[in-house]
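Data block for protein_34.cif (mmCIF, C-alpha atoms):
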```
data_entry
#
loop_
_atom_site.label_atom_id
_atom_site.label_comp_id
_atom_site.auth_asym_id
_atom_site.auth_seq_id
_atom_site.Cartn_x
_atom_site.Cartn_y
_atom_site.Cartn_z
CA MET J 1 36.81 24.52 20.68
CA LYS J 2 39.46 27.21 20.24
CA ILE J 3 39.51 29.73 17.39
CA ARG J 4 42.36 32.15 16.72
CA VAL J 5 41.29 35.67 15.71
CA PRO J 6 44.65 37.33 14.96
CA GLU J 7 43.20 40.75 14.12
CA TYR J 8 41.45 41.16 17.51
CA ARG J 9 43.00 43.92 19.63
CA GLY J 10 40.43 44.33 22.40
CA ASP J 11 40.19 43.36 26.06
CA PHE J 12 39.15 40.02 27.59
CA LYS J 13 35.43 39.53 27.02
CA ILE J 14 32.74 36.92 27.50
CA LEU J 15 30.50 36.74 24.45
CA SER J 16 27.43 34.78 23.36
CA LEU J 17 27.00 33.75 19.72
CA ALA J 18 24.15 34.60 17.35
CA LEU J 19 23.95 32.99 13.93
CA ASP J 20 20.59 34.40 12.86
CA GLU J 21 18.48 37.52 13.26
CA ARG J 22 16.07 36.00 15.80
CA THR J 23 18.88 34.98 18.18
CA LYS J 24 20.50 38.39 17.68
CA GLU J 25 17.29 40.07 18.84
CA ASP J 26 17.02 37.70 21.83
CA LEU J 27 20.56 38.55 22.94
CA ILE J 28 19.97 42.27 22.50
CA ALA J 29 16.95 41.90 24.78
CA GLU J 30 19.09 39.98 27.31
CA ALA J 31 21.55 42.93 27.30
CA VAL J 32 24.63 40.71 27.00
CA GLU J 33 27.64 41.18 24.76
CA PHE J 34 27.63 38.81 21.81
CA ILE J 35 29.09 37.96 18.42
CA TYR J 36 26.77 38.15 15.44
CA ALA J 37 28.21 35.99 12.65
CA GLU J 38 27.01 37.36 9.32
CA PRO J 39 27.99 35.79 5.99
CA THR J 40 30.99 38.10 5.42
CA GLU J 41 31.87 39.39 8.88
CA ALA J 42 31.47 38.82 12.62
CA ILE J 43 30.42 41.81 14.71
CA ILE J 44 30.57 42.29 18.48
CA TYR J 45 27.37 43.79 19.88
CA PRO J 46 26.29 46.17 21.32
CA THR J 47 29.44 48.14 20.36
CA LYS J 48 29.20 46.95 16.71
CA GLU J 49 32.95 46.37 16.65
CA ILE J 50 34.13 44.24 13.72
CA LEU J 51 35.62 41.02 15.12
CA THR J 52 36.77 39.47 11.84
CA HIS J 53 36.23 39.25 8.10
CA ASP J 54 38.29 36.07 7.80
CA SER J 55 36.32 33.37 5.96
CA ASP J 56 37.98 30.47 7.83
CA THR J 57 37.15 32.02 11.21
CA LEU J 58 33.57 32.68 10.10
CA ALA J 59 33.24 29.06 8.93
CA LYS J 60 34.40 27.80 12.34
CA LEU J 61 31.92 30.06 14.11
CA ARG J 62 29.13 28.74 11.91
CA GLU J 63 29.98 25.21 13.04
CA CYS J 64 28.89 26.30 16.52
CA ASN J 65 25.40 26.92 17.88
CA ASN J 66 23.21 29.87 18.66
CA TYR J 67 23.66 30.80 22.33
CA ASP J 68 27.10 29.17 22.63
CA VAL J 69 29.31 31.25 24.93
CA PHE J 70 32.95 32.17 24.32
CA GLU J 71 35.66 33.96 26.18
CA ILE J 72 38.11 35.92 24.06
CA SER J 73 41.54 36.83 25.36
CA ASP J 74 43.35 40.08 24.64
CA GLU J 75 45.53 37.98 22.30
CA GLY J 76 42.52 37.08 20.16
CA LEU J 77 41.97 33.47 21.25
CA LEU J 78 38.28 32.51 21.27
CA PHE J 79 37.55 29.60 23.60
CA ARG J 80 34.09 28.03 23.75
CA CYS J 81 33.12 27.66 27.40
CA TYR J 82 29.44 26.80 26.90
CA ASP J 83 28.07 24.54 24.15
CA ASP J 84 24.31 24.92 23.81
CA SER J 85 24.00 21.51 22.11
CA SER J 86 25.75 19.65 24.96
CA VAL J 87 24.70 18.29 28.36
CA GLU J 88 28.33 18.27 29.53
CA ASN J 89 28.87 21.98 30.27
CA THR J 90 30.95 23.07 33.24
CA LEU J 91 31.76 26.07 35.38
CA PHE J 92 35.47 25.46 35.97
CA ILE J 93 36.44 27.31 39.13
CA THR J 94 40.17 26.64 39.58
CA GLU J 95 42.84 24.03 38.88
CA LYS J 96 44.16 24.35 42.44
CA CYS J 97 43.46 21.61 45.00
CA ASN J 98 44.32 21.04 48.66
CA SER J 99 44.69 17.30 48.09
CA ASN J 100 47.26 15.56 45.89
CA CYS J 101 45.57 12.27 45.04
CA ILE J 102 47.94 9.62 43.78
CA MET J 103 45.53 8.60 41.01
CA CYS J 104 44.22 12.06 40.05
CA PRO J 105 43.98 12.58 36.25
CA SER J 106 45.45 16.08 36.65
CA PRO J 107 49.20 16.69 37.11
CA ASP J 108 50.89 18.16 40.20
CA SER J 109 51.59 21.43 38.40
CA SER J 110 47.86 22.12 37.93
CA ARG J 111 47.10 21.77 41.62
CA GLN J 112 50.10 23.77 42.76
CA ARG J 113 50.17 26.63 40.26
CA GLY J 114 46.95 26.32 38.30
CA GLU J 115 44.61 29.21 37.84
CA GLY J 116 40.93 29.70 37.21
CA MET J 117 38.46 32.41 36.33
CA LYS J 118 37.57 35.19 38.72
CA ILE J 119 34.22 34.65 40.40
CA SER J 120 32.99 37.90 38.86
CA ASP J 121 33.86 36.52 35.40
CA LEU J 122 32.13 33.22 36.19
CA ILE J 123 29.00 35.14 37.16
CA THR J 124 29.23 36.99 33.84
CA LEU J 125 29.61 33.64 32.08
CA ALA J 126 26.55 32.29 33.90
CA SER J 127 24.60 35.40 32.85
CA HIS J 128 25.19 34.38 29.21
CA ILE J 129 24.04 30.76 29.65
CA PRO J 130 20.37 30.24 28.73
CA SER J 131 18.22 29.74 31.81
CA ASP J 132 16.68 26.57 30.35
CA THR J 133 19.98 24.71 30.04
CA SER J 134 19.54 21.19 31.41
CA HIS J 135 22.77 20.55 33.34
CA ILE J 136 25.86 22.35 34.65
CA THR J 137 28.79 20.79 36.50
CA VAL J 138 30.78 22.95 38.91
CA THR J 139 34.30 21.56 39.09
CA GLY J 140 38.05 22.12 39.47
CA GLY J 141 40.61 21.27 40.93
CA GLU J 142 38.89 21.89 44.21
CA PRO J 143 36.20 24.54 43.60
CA PHE J 144 36.16 25.73 47.20
CA MET J 145 39.78 26.88 46.95
CA ALA J 146 38.03 30.02 45.67
CA GLY J 147 36.93 30.65 49.26
CA LYS J 148 33.62 32.22 50.27
CA GLU J 149 33.44 34.17 47.01
CA ILE J 150 32.10 30.99 45.39
CA PHE J 151 28.81 31.43 47.23
CA ARG J 152 28.14 34.61 45.21
CA LEU J 153 28.23 32.44 42.10
CA PHE J 154 25.93 29.84 43.64
CA GLU J 155 23.48 32.54 44.73
CA TYR J 156 23.39 33.97 41.21
CA CYS J 157 22.82 30.51 39.72
CA ARG J 158 20.12 29.73 42.29
CA ASP J 159 18.19 32.82 41.28
CA LYS J 160 18.60 32.33 37.51
CA PHE J 161 18.42 28.57 36.91
CA GLN J 162 15.16 27.26 38.35
CA ASP J 163 15.07 23.93 36.50
CA THR J 164 18.74 23.25 35.75
CA GLU J 165 20.44 20.27 37.42
CA PHE J 166 23.75 21.19 39.07
CA LEU J 167 26.52 18.79 40.04
CA ILE J 168 29.19 20.21 42.35
CA LEU J 169 32.37 18.11 42.37
CA THR J 170 34.46 18.66 45.51
CA ASN J 171 36.70 16.65 47.81
CA GLY J 172 34.30 17.69 50.59
CA ARG J 173 36.99 18.58 53.10
CA ILE J 174 35.83 22.19 53.47
CA PHE J 175 32.50 21.02 54.83
CA ALA J 176 34.16 19.92 58.03
CA VAL J 177 33.80 23.67 58.67
CA LYS J 178 30.18 24.17 59.73
CA GLU J 179 30.00 27.71 58.32
CA TYR J 180 30.74 26.51 54.78
CA CYS J 181 27.98 23.90 54.98
CA GLU J 182 25.51 26.52 56.12
CA LEU J 183 26.56 28.94 53.36
CA LEU J 184 26.18 26.18 50.77
CA SER J 185 22.75 25.26 52.08
CA ALA J 186 21.66 28.91 51.86
CA THR J 187 22.89 29.57 48.31
CA ILE J 188 22.93 26.46 46.11
CA PRO J 189 20.52 26.13 43.19
CA ILE J 190 17.34 24.13 43.77
CA HIS J 191 18.36 20.98 41.91
CA THR J 192 21.90 20.40 43.18
CA LEU J 193 23.85 17.21 43.83
CA VAL J 194 27.22 17.39 45.60
CA GLY J 195 29.68 14.68 44.52
CA VAL J 196 32.38 13.78 47.07
CA PRO J 197 35.04 11.05 46.76
CA LEU J 198 35.63 8.59 49.60
CA HIS J 199 38.85 6.71 48.94
CA GLY J 200 39.01 4.36 51.92
CA SER J 201 37.21 3.07 54.97
CA CYS J 202 39.81 4.54 57.33
CA ALA J 203 42.34 7.35 57.51
CA HIS J 204 45.26 5.02 56.79
CA ILE J 205 43.97 4.15 53.31
CA HIS J 206 42.12 7.36 52.39
CA ASP J 207 44.92 9.74 53.45
CA ALA J 208 47.56 7.64 51.69
CA ILE J 209 45.61 8.14 48.44
CA THR J 210 44.91 11.87 48.88
CA ARG J 211 48.39 12.43 50.38
CA ALA J 212 46.73 14.98 52.66
CA GLU J 213 46.84 14.42 56.42
CA HIS J 214 43.44 14.37 58.18
CA SER J 215 41.57 14.38 54.84
CA PHE J 216 39.59 11.24 55.78
CA ASP J 217 38.27 12.77 58.99
CA GLN J 218 37.46 16.03 57.21
CA THR J 219 35.70 14.29 54.33
CA LEU J 220 33.64 12.03 56.60
CA THR J 221 32.65 14.97 58.80
CA GLY J 222 31.82 17.04 55.70
CA LEU J 223 29.59 14.31 54.24
CA LYS J 224 27.72 13.96 57.52
CA ARG J 225 27.19 17.72 57.74
CA LEU J 226 25.91 17.92 54.16
CA GLN J 227 23.47 15.09 54.73
CA SER J 228 22.28 16.52 58.04
CA LEU J 229 21.27 19.72 56.18
CA GLY J 230 19.37 17.76 53.57
CA ILE J 231 21.84 18.51 50.76
CA LYS J 232 21.79 15.72 48.18
CA THR J 233 25.13 13.91 48.09
CA GLU J 234 26.77 11.43 45.78
CA ILE J 235 29.72 9.44 47.15
CA ARG J 236 32.31 8.62 44.49
CA ILE J 237 34.72 5.71 44.92
CA VAL J 238 37.55 5.72 42.37
CA VAL J 239 38.90 2.17 42.17
CA CYS J 240 42.68 1.78 42.20
CA ARG J 241 45.18 -0.79 43.43
CA ASN J 242 45.45 1.14 46.70
CA ASN J 243 41.80 0.70 47.73
CA ALA J 244 40.39 -2.20 45.69
CA GLU J 245 40.49 -4.71 48.56
CA ASP J 246 38.97 -2.09 50.86
CA LEU J 247 35.88 -1.53 48.70
CA PRO J 248 33.63 -3.84 50.77
CA ASN J 249 34.74 -2.01 53.94
CA ILE J 250 33.96 1.37 52.34
CA ALA J 251 30.49 0.03 51.51
CA VAL J 252 29.99 -1.06 55.12
CA LEU J 253 31.04 2.40 56.34
CA ILE J 254 28.60 4.12 53.99
CA ALA J 255 25.77 1.81 55.00
CA ALA J 256 26.47 2.41 58.70
CA GLN J 257 27.19 6.15 58.80
CA LEU J 258 26.11 7.78 55.51
CA MET J 259 22.77 6.16 54.79
CA ASN J 260 21.20 9.38 53.49
CA VAL J 261 23.44 9.42 50.40
CA ASP J 262 21.52 9.82 47.13
CA HIS J 263 23.67 7.20 45.44
CA VAL J 264 27.19 5.75 45.37
CA SER J 265 29.21 5.83 42.14
CA ILE J 266 32.01 3.29 41.76
CA MET J 267 34.38 4.58 39.10
CA ALA J 268 37.31 3.41 37.00
CA MET J 269 40.37 5.66 36.81
CA GLU J 270 41.31 8.03 34.02
CA MET J 271 45.00 7.24 33.48
CA THR J 272 46.41 10.71 32.88
CA GLY J 273 48.26 13.18 35.11
CA ASN J 274 49.17 11.75 38.51
CA ALA J 275 47.49 8.44 37.68
CA TYR J 276 49.77 7.94 34.68
CA LYS J 277 52.83 9.11 36.60
CA ASN J 278 52.08 6.59 39.38
CA PHE J 279 50.94 3.81 37.07
CA ASP J 280 52.90 1.01 38.77
CA ASN J 281 51.40 1.90 42.16
CA VAL J 282 47.76 2.54 41.21
CA TRP J 283 46.78 0.54 38.15
CA ILE J 284 44.63 -2.56 38.60
CA PRO J 285 42.97 -4.35 35.67
CA TYR J 286 39.21 -4.00 35.58
CA LYS J 287 38.53 -7.70 35.91
CA ASP J 288 40.94 -8.06 38.85
CA SER J 289 39.11 -5.33 40.73
CA PHE J 290 35.61 -6.57 39.99
CA THR J 291 35.63 -9.24 42.72
CA TYR J 292 35.82 -6.46 45.32
CA ILE J 293 33.47 -4.17 43.36
CA ARG J 294 30.85 -6.93 43.29
CA GLN J 295 31.04 -7.35 47.06
CA ALA J 296 30.70 -3.60 47.62
CA ILE J 297 27.69 -3.41 45.28
CA GLU J 298 25.90 -6.22 47.12
CA ILE J 299 26.51 -4.60 50.53
CA LEU J 300 25.17 -1.26 49.34
CA ILE J 301 22.13 -2.72 47.58
CA ALA J 302 21.30 -4.79 50.69
CA ALA J 303 21.35 -1.52 52.67
CA GLY J 304 18.89 0.08 50.25
CA ILE J 305 21.49 2.40 48.67
CA ASN J 306 21.49 3.10 44.93
CA VAL J 307 24.73 2.20 43.14
CA LYS J 308 26.10 3.20 39.74
CA LEU J 309 29.15 1.94 37.85
CA TYR J 310 31.03 4.59 35.87
CA ASN J 311 33.75 4.23 33.24
CA PHE J 312 33.71 0.41 33.09
CA PRO J 313 33.21 -1.17 29.62
CA LEU J 314 30.46 -3.81 29.70
CA CYS J 315 32.80 -6.67 28.78
CA THR J 316 34.63 -6.19 32.09
CA VAL J 317 31.45 -6.28 34.21
CA ASP J 318 29.30 -9.30 35.10
CA LYS J 319 26.15 -9.19 32.99
CA GLU J 320 23.85 -9.03 36.02
CA TYR J 321 25.34 -5.59 36.83
CA TRP J 322 24.99 -4.05 33.37
CA MET J 323 21.78 -2.31 34.46
CA ILE J 324 23.79 -0.04 36.79
CA CYS J 325 26.51 0.79 34.25
CA ALA J 326 26.37 4.37 32.96
CA LYS J 327 27.72 5.78 29.69
CA SER J 328 29.66 8.34 31.68
CA ILE J 329 32.82 9.27 29.78
CA SER J 330 32.70 12.68 28.08
CA SER J 331 32.37 12.46 24.31
CA TRP J 332 35.80 13.98 23.63
CA LYS J 333 37.52 11.52 26.00
CA VAL J 334 35.90 8.18 25.08
CA ARG J 335 37.57 5.51 22.94
CA TYR J 336 36.59 2.07 21.63
CA ALA J 337 38.97 -0.67 20.45
CA PRO J 338 38.72 -2.15 16.93
CA ILE J 339 37.34 -5.34 18.51
CA CYS J 340 34.41 -3.29 19.84
CA ASP J 341 33.10 -2.87 16.27
CA ASN J 342 32.03 -6.53 16.36
CA CYS J 343 30.43 -6.32 19.81
CA SER J 344 26.65 -6.79 20.12
CA GLU J 345 26.61 -4.30 23.01
CA ARG J 346 28.68 -1.56 21.33
CA SER J 347 25.84 0.98 21.32
CA SER J 348 25.08 0.40 25.02
CA CYS J 349 28.67 0.44 26.24
CA GLY J 350 30.37 3.56 27.60
CA GLY J 351 33.80 2.60 26.24
CA VAL J 352 37.06 3.59 27.95
CA PHE J 353 39.00 6.77 28.62
CA ALA J 354 41.37 7.77 25.83
CA GLY J 355 44.08 8.13 28.49
CA SER J 356 43.44 4.57 29.73
CA TYR J 357 43.12 2.90 26.33
CA ARG J 358 46.68 1.57 26.15
CA MET J 359 46.34 -0.11 29.56
CA VAL J 360 42.93 -1.67 29.00
CA SER J 361 42.77 -2.60 25.29
CA SER J 362 43.95 -6.15 25.97
CA GLU J 363 41.09 -6.66 28.44
CA LEU J 364 38.37 -5.77 25.96
CA GLU J 365 36.38 -8.38 24.06
CA ALA J 366 33.48 -8.48 21.65
CA LEU J 367 30.31 -9.77 23.26
CA ALA J 368 28.17 -12.12 21.21
#
```
Written form, structure tokens:
Amino acid sequence: MKIRVPEYRGDFKILSLALDERTKEDLIAEAVEFIYAEPTEAIIYPTKEILTHDSDTLAKLRECNNYDVFEISDEGLLFRCYDDSSVENTLFITEKCNSNCIMCPSPDSSRQRGEGMKISDLITLASHIPSDTSHITVTGGEPFMAGKEIFRLFEYCRDKFQDTEFLILTNGRIFAVKEYCELLSATIPIHTLVGVPLHGSCAHIHDAITRAEHSFDQTLTGLKRLQSLGIKTEIRIVVCRNNAEDLPNIAVLIAAQLMNVDHVSIMAMEMTGNAYKNFDNVWIPYKDSFTYIRQAIEILIAAGINVKLYNFPLCTVDKEYWMICAKSISSWKVRYAPICDNCSERSSCGGVFAGSYRMVSSELEALA
């Protein structure tokens, strides 16, 4: 959510939101800066600066939740960066990435010139988030493009969030460097899962997808280092035309060399950014890919490895595998076709990405 506050003339700030007196007192006790939205005005505490009297802006604020967190720019743009009613909150480190995956949902410009928040600002943001929040995803781009500064953020989160589940999404290449693995092990919050994509069973396939030389060797080494230190790992396999036939081989590799993985997630693409740009090279219909997905699932299950299917609508998956399908697409990205309204499994199905809808709508069917 973004809210324009044209009369604001202050500096960049990170602010919590209070909609009632009790929350206001809680935030005063927490000693954080916050907005108190009264019926006729919004006030920034503790300075008691008037943010706005505008009724439309106040109405938008009142659509939010107590303890939501906003950043406000010096141009008066309020952006909600923590939603207290959601389980999909993120700490977005940077848009930059040292890979250039052919099917990435972000565009080249983001990876090459993208920016992120300063680590000091991210720590301030984390200081505003309630300590009982259930889940936080740390993501990018590639989060570790922030360098060793990122471990200050992890250390802060480790000390504050005792029960929160963290998911760190990374290409894993940095963990080929032993020092980074050791720093991660020393600083990550208690309940942390590190999600790393493995795009192929060999360098030829994996590196052709990442378009980064030596990325396969670095990723495989990084995964082994993480597992050797007892850090919980999730291996993510994004299915595209470039690796579909290799899926069983990837499963064999995982079963042979990465047995300590917490689980493997096999995922459908989000067709935006690079993926959309390279549509002719990467797109494969769900049902065409499922022959190879099925083989990979069976290999992993036989090896005692947990498997999940993400981003696949149920009508494209054999019924016997529905139990491992997750409703995984973020609420603001998910779409259903008109035909889905007549489907008996509509409430159980995770739908499709909005960016993929045009490509997949003809594959969807209503289940009886």
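Using the PyMOL selection byres ((chain J and resi 297) around 10) on this structure selects Leu247, Pro248, Ala251, Val264, Ser265, Ile266, Tyr292, Ile293, Arg294, Gln295, Ala296, Glu298, Ile299, Leu300, Ile301, Ala302, Ala303, Ile305, Asn306, Val307, Lys308, Leu309, Tyr321 and Ile324 of chain J.
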Using only C-alpha atoms, please write the residues we just selected to a file, as a compact mmCIF listing (two decimals), in the frame of the given file.
```
# COMPACT_ATOMS: atom_id res chain seq x y z
CA LEU J 247 35.88 -1.53 48.70
CA PRO J 248 33.63 -3.84 50.77
CA ALA J 251 30.49 0.03 51.51
CA VAL J 264 27.19 5.75 45.37
CA SER J 265 29.21 5.83 42.14
CA ILE J 266 32.01 3.29 41.76
CA TYR J 292 35.82 -6.46 45.32
CA ILE J 293 33.47 -4.17 43.36
CA ARG J 294 30.85 -6.93 43.29
CA GLN J 295 31.04 -7.35 47.06
CA ALA J 296 30.70 -3.60 47.62
CA GLU J 298 25.90 -6.22 47.12
CA ILE J 299 26.51 -4.60 50.53
CA LEU J 300 25.17 -1.26 49.34
CA ILE J 301 22.13 -2.72 47.58
CA ALA J 302 21.30 -4.79 50.69
CA ALA J 303 21.35 -1.52 52.67
CA ILE J 305 21.49 2.40 48.67
CA ASN J 306 21.49 3.10 44.93
CA VAL J 307 24.73 2.20 43.14
CA LYS J 308 26.10 3.20 39.74
CA LEU J 309 29.15 1.94 37.85
CA TYR J 321 25.34 -5.59 36.83
CA ILE J 324 23.79 -0.04 36.79
```
Taking the file as I've supplied it (selection: the PyMOL selection byres ((chain J and resi 28-39) around 7)), which residues are included? Please answer as a short mmCIF file (atom, residue, chain, number, x, y, z; two decimals) with C-alpha atoms, in the frame of the given file.
```
data_model
loop_
_atom_site.label_atom_id
_atom_site.label_comp_id
_atom_site.auth_asym_id
_atom_site.auth_seq_id
_atom_site.Cartn_x
_atom_site.Cartn_y
_atom_site.Cartn_z
CA LEU J 15 30.50 36.74 24.45
CA SER J 16 27.43 34.78 23.36
CA LEU J 17 27.00 33.75 19.72
CA ALA J 18 24.15 34.60 17.35
CA LEU J 19 23.95 32.99 13.93
CA LYS J 24 20.50 38.39 17.68
CA GLU J 25 17.29 40.07 18.84
CA ASP J 26 17.02 37.70 21.83
CA LEU J 27 20.56 38.55 22.94
CA THR J 40 30.99 38.10 5.42
CA GLU J 41 31.87 39.39 8.88
CA ALA J 42 31.47 38.82 12.62
CA ILE J 43 30.42 41.81 14.71
CA ILE J 44 30.57 42.29 18.48
CA TYR J 45 27.37 43.79 19.88
CA PRO J 46 26.29 46.17 21.32
CA LEU J 58 33.57 32.68 10.10
CA HIS J 128 25.19 34.38 29.21
#
```
_For this structure, which residues satisfy the selection - the PyMOL selection byres ((chain J and resi 311) around 8) - when it is evaluated on the file as given? I want them as a PyMOL selection string._
chain J and resi 267-269+309-310+312-313+326-329+350-353
*Residue contacts of Lys178 (chain J) (12 Å, only C-alpha atoms) excluding same-chain residues fewer than 2 positions away, as a list in words*: Gly172, Arg173, Ile174, Phe175, Ala176, Tyr180, Cys181, Glu182, Leu183, Leu184, Ser185, Gln218, Thr221, Gly222, Leu223, Lys224, Arg225, Leu226, Ser228 and Leu229 of chain J
*With all atoms listed in the file as the atoms that count, which of J:Ala354, J:Leu220, J:Asp74, J:Leu91 lies nearest to Arg9 (chain J)?*
J:Asp74
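One finds CA of Gln227 (chain J) at 23.4 Å from CA of Ala212 (chain J).
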Please return, as an mmCIF file with C-alpha atoms, keeping the file's coordinate frame, all polymer residues that have at least one atom within 9 Å of the point (38.8, 4.0, 45.0); use only C-alpha atoms and the file's own coordinate frame.
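File result_27.cif, as written:
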```cif
data_model
loop_
_atom_site.group_PDB
_atom_site.id
_atom_site.type_symbol
_atom_site.label_atom_id
_atom_site.label_comp_id
_atom_site.auth_asym_id
_atom_site.auth_seq_id
_atom_site.Cartn_x
_atom_site.Cartn_y
_atom_site.Cartn_z
ATOM 1 C CA PRO J 197 35.040 11.050 46.760
ATOM 2 C CA LEU J 198 35.630 8.590 49.600
ATOM 3 C CA HIS J 199 38.850 6.710 48.940
ATOM 4 C CA GLY J 200 39.010 4.360 51.920
ATOM 5 C CA HIS J 206 42.120 7.360 52.390
ATOM 6 C CA ILE J 209 45.610 8.140 48.440
ATOM 7 C CA ARG J 236 32.310 8.620 44.490
ATOM 8 C CA ILE J 237 34.720 5.710 44.920
ATOM 9 C CA VAL J 238 37.550 5.720 42.370
ATOM 10 C CA VAL J 239 38.900 2.170 42.170
ATOM 11 C CA CYS J 240 42.680 1.780 42.200
ATOM 12 C CA ARG J 241 45.180 -0.790 43.430
ATOM 13 C CA ASN J 242 45.450 1.140 46.700
ATOM 14 C CA ASN J 243 41.800 0.700 47.730
ATOM 15 C CA ALA J 244 40.390 -2.200 45.690
ATOM 16 C CA ASP J 246 38.970 -2.090 50.860
ATOM 17 C CA LEU J 247 35.880 -1.530 48.700
ATOM 18 C CA ILE J 266 32.010 3.290 41.760
ATOM 19 C CA MET J 267 34.380 4.580 39.100
ATOM 20 C CA ALA J 268 37.310 3.410 37.000
ATOM 21 C CA MET J 269 40.370 5.660 36.810
#
```
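Remark: for Ile129 (chain J), the closest of the candidate residues J:Asn66, J:Ser106, J:Asn100, J:Thr94 is J:Asn66 (distances computed over all atoms listed in the file).
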_Straight-line distance linking CA of Thr192 (chain J) with CA of Leu167 (chain J), stated in Å to one decimal_ =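 Result for CA of Thr192 (chain J) versus CA of Leu167 (chain J): 5.8 Å, one decimal.
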*What separation in Å, quoted to one decimal, exists between CA of Val252 (chain J) and CA of Phe216 (chain J)?*
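So the two atoms, CA of Val252 (chain J) and CA of Phe216 (chain J), lie 15.6 Å apart.
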*Exercise: residues within 12 Å of coordinate (41.8, -1.3, 23.1), counting only C-alpha atoms, as a list in words*: Pro313, Cys315, Val334, Arg335, Tyr336, Ala337, Pro338, Ile339, Cys340, Asp341, Gly351, Val352, Phe353, Ala354, Gly355, Ser356, Tyr357, Arg358, Met359, Val360, Ser361, Ser362, Glu363, Leu364, Glu365 and Ala366 of chain J
*asked:* For Asn278 (chain J), find every residue with an atom within 10 Å (counting all atoms listed in the file), except residues of its own chain fewer than 6 positions away, and show them as a ChimeraX atom specification.
replied: /J:102-104,271-272
_Pick from J:Val138, J:Met1, J:Ile250, J:Ile190 nearest to Arg158 (chain J), counting only C-alpha atoms_ =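 Nearest to Arg158 (chain J): J:Ile190.
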*Nearest to Pro189 (chain J): which of J:Ser110, J:Thr137, J:Asn171, J:Ser86 is it, counting only C-alpha atoms?*
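Looking at the shortest contact to Pro189 (chain J), the residue is J:Thr137.
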*Name the closest residue to Ser73 (chain J) among the candidates J:Val5, J:Ala186, J:Ile231, J:Ile284; distances are taken between atoms, counting all atoms listed in the file.*
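Of all the options, J:Val5 lies closest to Ser73 (chain J).
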*With distances taken over only C-alpha atoms, which of J:Leu169, J:Leu77, J:Cys202, J:Ile93 is nearest to Glu149 (chain J)?*
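Of all the options, J:Ile93 lies closest to Glu149 (chain J).
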*asked:* When you look at Pro107 (chain J) with a cut-off of 9 Å (counting all atoms listed in the file), what residues show up, excluding the ones that are within fewer than 6 positions of it in the same chain? I need them as a VMD selection string.
replied: chain J and resid 272 to 275 277
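Excluding Gly76 (chain J) and any residue on its chain fewer than 6 positions from it, the residues at most 8 Å away by all atoms listed in the file are J:Arg4, J:Val5, J:Pro6, J:Glu7, J:Tyr8, J:Arg9, J:Gly10.
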Can you spit out the residues from that selection as an mmCIF file, keeping the file's coordinate frame, using C-alpha atoms?
```
data_model
loop_
_atom_site.group_PDB
_atom_site.id
_atom_site.type_symbol
_atom_site.label_atom_id
_atom_site.label_comp_id
_atom_site.auth_asym_id
_atom_site.auth_seq_id
_atom_site.Cartn_x
_atom_site.Cartn_y
_atom_site.Cartn_z
ATOM 1 C CA ARG J 4 42.360 32.150 16.720
ATOM 2 C CA VAL J 5 41.290 35.670 15.710
ATOM 3 C CA PRO J 6 44.650 37.330 14.960
ATOM 4 C CA GLU J 7 43.200 40.750 14.120
ATOM 5 C CA TYR J 8 41.450 41.160 17.510
ATOM 6 C CA ARG J 9 43.000 43.920 19.630
ATOM 7 C CA GLY J 10 40.430 44.330 22.400
#
```
